[in-house]
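Structure file upload16.cif with mmCIF, C-alpha atoms:
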data_my_file
loop_
_atom_site.label_atom_id
_atom_site.label_comp_id
_atom_site.auth_asym_id
_atom_site.auth_seq_id
_atom_site.Cartn_x
_atom_site.Cartn_y
_atom_site.Cartn_z
CA MET A 1 1.29 2.32 32.82
CA ALA A 2 -0.09 1.92 36.36
CA VAL A 3 2.02 1.42 39.47
CA ARG A 4 1.95 -2.16 40.79
CA LEU A 5 0.66 -2.82 44.30
CA SER A 6 3.40 -3.26 46.91
CA ASN A 7 4.15 -6.83 47.95
CA PHE A 8 5.58 -5.91 51.39
CA ASP A 9 4.46 -4.30 54.63
CA GLN A 10 5.82 -1.17 56.31
CA THR A 11 8.10 -3.14 58.65
CA GLN A 12 9.72 -5.04 55.77
CA PHE A 13 10.17 -1.77 53.83
CA ARG A 14 11.79 -0.05 56.83
CA GLN A 15 14.14 -3.02 57.37
CA ALA A 16 15.16 -3.04 53.71
CA LEU A 17 15.84 0.72 53.77
CA GLY A 18 17.86 0.23 56.96
CA ARG A 19 20.44 -1.74 55.00
CA PHE A 20 21.51 1.52 53.35
CA ALA A 21 23.95 3.28 55.69
CA THR A 22 23.63 7.06 55.93
CA GLY A 23 25.39 9.89 57.64
CA VAL A 24 23.75 11.76 60.49
CA THR A 25 23.08 15.50 60.46
CA ILE A 26 21.64 18.16 62.71
CA ILE A 27 19.76 20.84 60.85
CA THR A 28 19.42 24.14 62.69
CA THR A 29 17.44 27.28 61.99
CA ALA A 30 15.78 30.14 63.83
CA HIS A 31 12.02 30.35 64.33
CA PRO A 32 10.77 32.85 61.72
CA ASP A 33 8.56 34.67 64.28
CA THR A 34 10.54 34.51 67.54
CA GLY A 35 14.16 33.94 66.44
CA GLU A 36 14.36 31.00 68.87
CA PRO A 37 17.13 28.52 67.88
CA LEU A 38 15.68 25.25 66.61
CA GLY A 39 17.27 22.00 65.52
CA ILE A 40 16.53 18.42 64.56
CA THR A 41 18.53 15.26 63.85
CA VAL A 42 18.11 14.06 60.25
CA SER A 43 19.68 11.14 58.39
CA SER A 44 18.00 11.80 55.04
CA PHE A 45 20.62 14.12 53.54
CA ASN A 46 22.21 13.94 50.07
CA SER A 47 24.08 15.99 47.54
CA LEU A 48 21.94 17.00 44.57
CA SER A 49 23.86 19.31 42.21
CA MET A 50 27.28 20.89 41.79
CA LYS A 51 26.11 23.79 39.57
CA PRO A 52 24.41 25.36 41.40
CA PRO A 53 25.56 23.72 44.65
CA LEU A 54 22.43 22.00 45.97
CA VAL A 55 21.72 19.51 48.75
CA LEU A 56 18.48 17.85 49.79
CA TRP A 57 16.98 16.44 52.95
CA ASN A 58 13.49 15.56 54.08
CA LEU A 59 11.26 15.93 57.09
CA GLN A 60 8.23 13.87 58.12
CA THR A 61 4.96 15.75 57.67
CA SER A 62 4.10 14.78 61.27
CA SER A 63 7.15 16.69 62.60
CA SER A 64 6.41 19.53 65.00
CA LEU A 65 8.95 21.59 63.01
CA LEU A 66 7.31 21.11 59.60
CA ASP A 67 5.68 24.56 59.52
CA VAL A 68 8.91 26.24 60.63
CA TYR A 69 11.13 24.63 57.98
CA GLN A 70 8.54 25.41 55.29
CA ARG A 71 8.69 29.12 56.22
CA VAL A 72 12.37 29.80 57.00
CA GLU A 73 14.70 31.30 54.41
CA ARG A 74 17.87 29.64 55.68
CA TYR A 75 19.16 26.72 57.71
CA ASN A 76 22.50 25.12 58.57
CA ILE A 77 23.27 21.44 58.05
CA HIS A 78 25.91 19.89 60.33
CA VAL A 79 27.29 16.48 59.35
CA LEU A 80 28.05 14.87 62.69
CA SER A 81 31.32 13.21 63.53
CA ALA A 82 31.68 9.78 65.11
CA GLU A 83 32.24 11.50 68.47
CA GLN A 84 28.82 13.22 68.36
CA MET A 85 26.41 10.32 68.97
CA ALA A 86 25.08 11.91 72.19
CA LEU A 87 24.46 15.18 70.34
CA ALA A 88 22.49 13.33 67.64
CA ALA A 89 20.31 11.79 70.37
CA GLN A 90 19.87 15.15 72.12
CA PHE A 91 18.53 16.81 68.95
CA SER A 92 16.30 13.86 68.01
CA ARG A 93 13.73 14.23 70.79
CA GLY A 94 12.47 16.38 73.61
CA PRO A 95 11.52 20.05 73.80
CA GLN A 96 13.40 22.48 71.55
CA GLU A 97 14.56 24.57 74.53
CA GLN A 98 16.49 21.53 75.81
CA ARG A 99 18.17 20.62 72.54
CA PHE A 100 20.69 23.48 72.71
CA GLU A 101 21.50 22.95 76.43
CA ASN A 102 25.26 22.63 76.99
CA VAL A 103 25.87 22.89 73.23
CA GLU A 104 28.47 25.31 71.92
CA TYR A 105 27.11 27.31 68.99
CA SER A 106 27.23 30.74 67.41
CA ILE A 107 24.68 32.76 65.45
CA ASN A 108 25.51 33.68 61.85
CA GLU A 109 24.65 37.00 60.19
CA PHE A 110 21.16 35.72 59.32
CA GLY A 111 20.40 34.73 62.93
CA ILE A 112 20.78 30.99 62.25
CA PRO A 113 22.49 28.86 64.93
CA LYS A 114 25.69 27.16 63.82
CA LEU A 115 27.15 24.37 65.95
CA ALA A 116 30.81 24.67 66.90
CA GLU A 117 32.84 23.68 63.82
CA TYR A 118 35.67 21.93 65.63
CA CYS A 119 33.95 18.58 66.02
CA SER A 120 31.58 18.24 63.05
CA ALA A 121 32.68 16.31 59.98
CA ALA A 122 31.25 19.03 57.68
CA TRP A 123 28.78 21.90 57.62
CA PHE A 124 26.65 23.67 55.02
CA GLU A 125 24.93 27.06 55.27
CA CYS A 126 21.88 26.89 52.98
CA TYR A 127 19.24 29.08 51.41
CA ASN A 128 15.85 27.27 51.52
CA ARG A 129 15.44 27.10 47.72
CA SER A 130 12.62 24.58 47.15
CA ARG A 131 10.17 22.37 49.00
CA TYR A 132 8.23 19.39 47.62
CA LEU A 133 5.55 17.39 49.40
CA GLU A 134 5.82 13.66 48.55
CA GLY A 135 4.09 10.90 50.47
CA ASP A 136 4.50 11.49 54.21
CA HIS A 137 7.59 13.73 53.85
CA LEU A 138 8.51 17.23 52.79
CA ILE A 139 11.61 17.24 50.57
CA MET A 140 13.77 20.33 51.14
CA VAL A 141 16.30 21.56 48.58
CA GLY A 142 18.96 23.88 49.95
CA GLN A 143 21.28 26.05 47.88
CA VAL A 144 24.64 25.94 49.62
CA GLU A 145 26.06 29.41 50.29
CA ARG A 146 29.00 28.36 52.47
CA CYS A 147 30.50 25.04 53.50
CA ASP A 148 33.58 23.40 54.96
CA HIS A 149 34.75 20.07 56.36
CA SER A 150 37.17 18.63 58.90
CA ASP A 151 39.22 15.45 59.18
CA HIS A 152 36.74 13.94 61.67
CA MET A 153 35.18 10.64 60.65
CA PRO A 154 31.37 10.81 60.22
CA LEU A 155 28.72 9.29 62.45
CA VAL A 156 26.84 6.55 60.56
CA PHE A 157 23.22 5.37 60.91
CA HIS A 158 22.57 1.79 59.81
CA ALA A 159 19.84 -0.81 60.43
CA GLY A 160 17.99 1.44 62.88
CA SER A 161 20.89 2.50 65.09
CA PHE A 162 24.09 4.52 65.15
CA ASP A 163 27.27 2.81 64.03
CA LEU A 164 30.50 4.55 64.85
CA THR A 165 32.88 4.83 61.97
CA PRO A 166 36.30 3.78 63.29
CA ILE A 167 38.43 6.70 64.32
CA ARG A 168 41.20 7.20 61.77
CA SER A 169 44.43 5.74 63.12
CA LYS A 170 47.65 7.71 63.05
CA THR A 171 49.35 4.90 61.12
CA SER A 172 47.74 3.48 58.02
CA ARG A 173 48.57 0.27 56.21
CA GLN A 174 50.27 0.65 52.88
CA ASP A 175 49.22 -2.72 51.47
CA ASN A 176 45.44 -2.00 51.54
CA SER A 177 44.75 -5.26 53.36
CA CYS A 178 41.86 -5.57 55.81
CA GLU A 179 43.71 -7.72 58.34
#
Give the structure from this file in structure tokens form.
Amino acid sequence: MAVRLSNFDQTQFRQALGRFATGVTIITTAHPDTGEPLGITVSSFNSLSMKPPLVLWNLQTSSSLLDVYQRVERYNIHVLSAEQMALAAQFSRGPQEQRFENVEYSINEFGIPKLAEYCSAAWFECYNRSRYLEGDHLIMVGQVERCDHSDHMPLVFHAGSFDLTPIRSKTSRQDNSCE
């Protein structure tokens, strides 16, 4: 059976997709030739499998980092907290050498930059297991080797912009009401 022709334009498709709220991540790696720390803001991140532990994310084929992420063996995924909106913006544009300016990070045993854990909602150290080209994106499947999380609330992307998840209050209602 053949695929039907789409009855919408790219703007309508983007607006419809924007109604699905996502978390925001920064994915870091080291350049396979120079070891230079590299990173990019990505909102297309999902869990894939528990056994083995797999996650997926994707990158536009027009990205200047496409060749790098196709060739690296490992990368780190940092789920940003609600307090990290400026960091998400910093890693979303501009030259790579500026993205790590004034950012606290360490280098793991594989030479991959890892953002300071104390303010991310979660992090995943991944082996670059599989890559699939589909449409105008490269789908990356990472096998999670290490991970952890914090009590920080996540940063949320919705309808084309960042929405801050409310900071968890110290007192919570017991009656589950929204008022």
How big is the axis-aligned box around all listed atoms of segment 67-79 of chain A once 3 Å goes on each side, and where's its centre, in Å to one decimal, as AutoDock Vina command-line options?
--center_x 16.5 --center_y 23.9 --center_z 57.5 --size_x 27.6 --size_y 20.8 --size_z 12.2
Name the residues that the PyMOL selection byres ((chain A and resi 20-31) around 7) picks from the file above, as a PyMOL selection string, using the file's chain letters and numbers.
-> chain A and resi 17-19+32-43+68+74-80+88+111-113+154-158
What separates atom CA of Ser150 of chain A and atom CA of Ala82 of chain A is a distance of 12.1 Å
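From atom CA of Ala16 of chain A back to atom CA of Val141 of chain A, the distance works out to 25.2 Å.
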Using all atoms listed in the file, what residues lie at most 9 Å away from (27.2, 25.6, 58.2) (file coordinates), given as number ranges by chain?
-> A: 75-78, 113-115, 117, 122-126, 144-148
Taking the point (15.9, 19.0, 50.4) as given in the file, collect each protein or nucleic acid residue that comes within 7 Å of it, counting all atoms listed in the file, and present the set as a PyMOL selection string.
-> chain A and resi 55-58+131+139-142
Could you write out that same residue set with C-alpha atoms as a compact mmCIF listing (two decimals), in the frame of the given file?
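What follows is the written file selection-v8.txt:
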# COMPACT_ATOMS: atom_id res chain seq x y z
CA VAL A 55 21.72 19.51 48.75
CA LEU A 56 18.48 17.85 49.79
CA TRP A 57 16.98 16.44 52.95
CA ASN A 58 13.49 15.56 54.08
CA ARG A 131 10.17 22.37 49.00
CA ILE A 139 11.61 17.24 50.57
CA MET A 140 13.77 20.33 51.14
CA VAL A 141 16.30 21.56 48.58
CA GLY A 142 18.96 23.88 49.95
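Across the structure, atom CA of Gln84 of chain A and atom CA of Ser63 of chain A are spaced 22.7 Å apart.
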Which of these, A:His137, A:His149, A:Arg93, A:Arg99, has the shortest distance to Ser120 of chain A once you count only C-alpha atoms?
-> A:His149
Of the residues A:Leu48, A:Ala86, A:Asn128, A:Ala116, which is the one nearest to Arg71 of chain A, using only C-alpha atoms?
-> A:Asn128
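Shortest atom-to-atom contact with Pro52 of chain A among A:Tyr127, A:Met153, A:Tyr105, A:Gly135: A:Tyr127, counting only C-alpha atoms.
Closest approach to Ser81 of chain A from the set A:Leu65, A:Leu59, A:Ala121, A:Val103 is made by A:Ala121, with distances taken over all atoms listed in the file.
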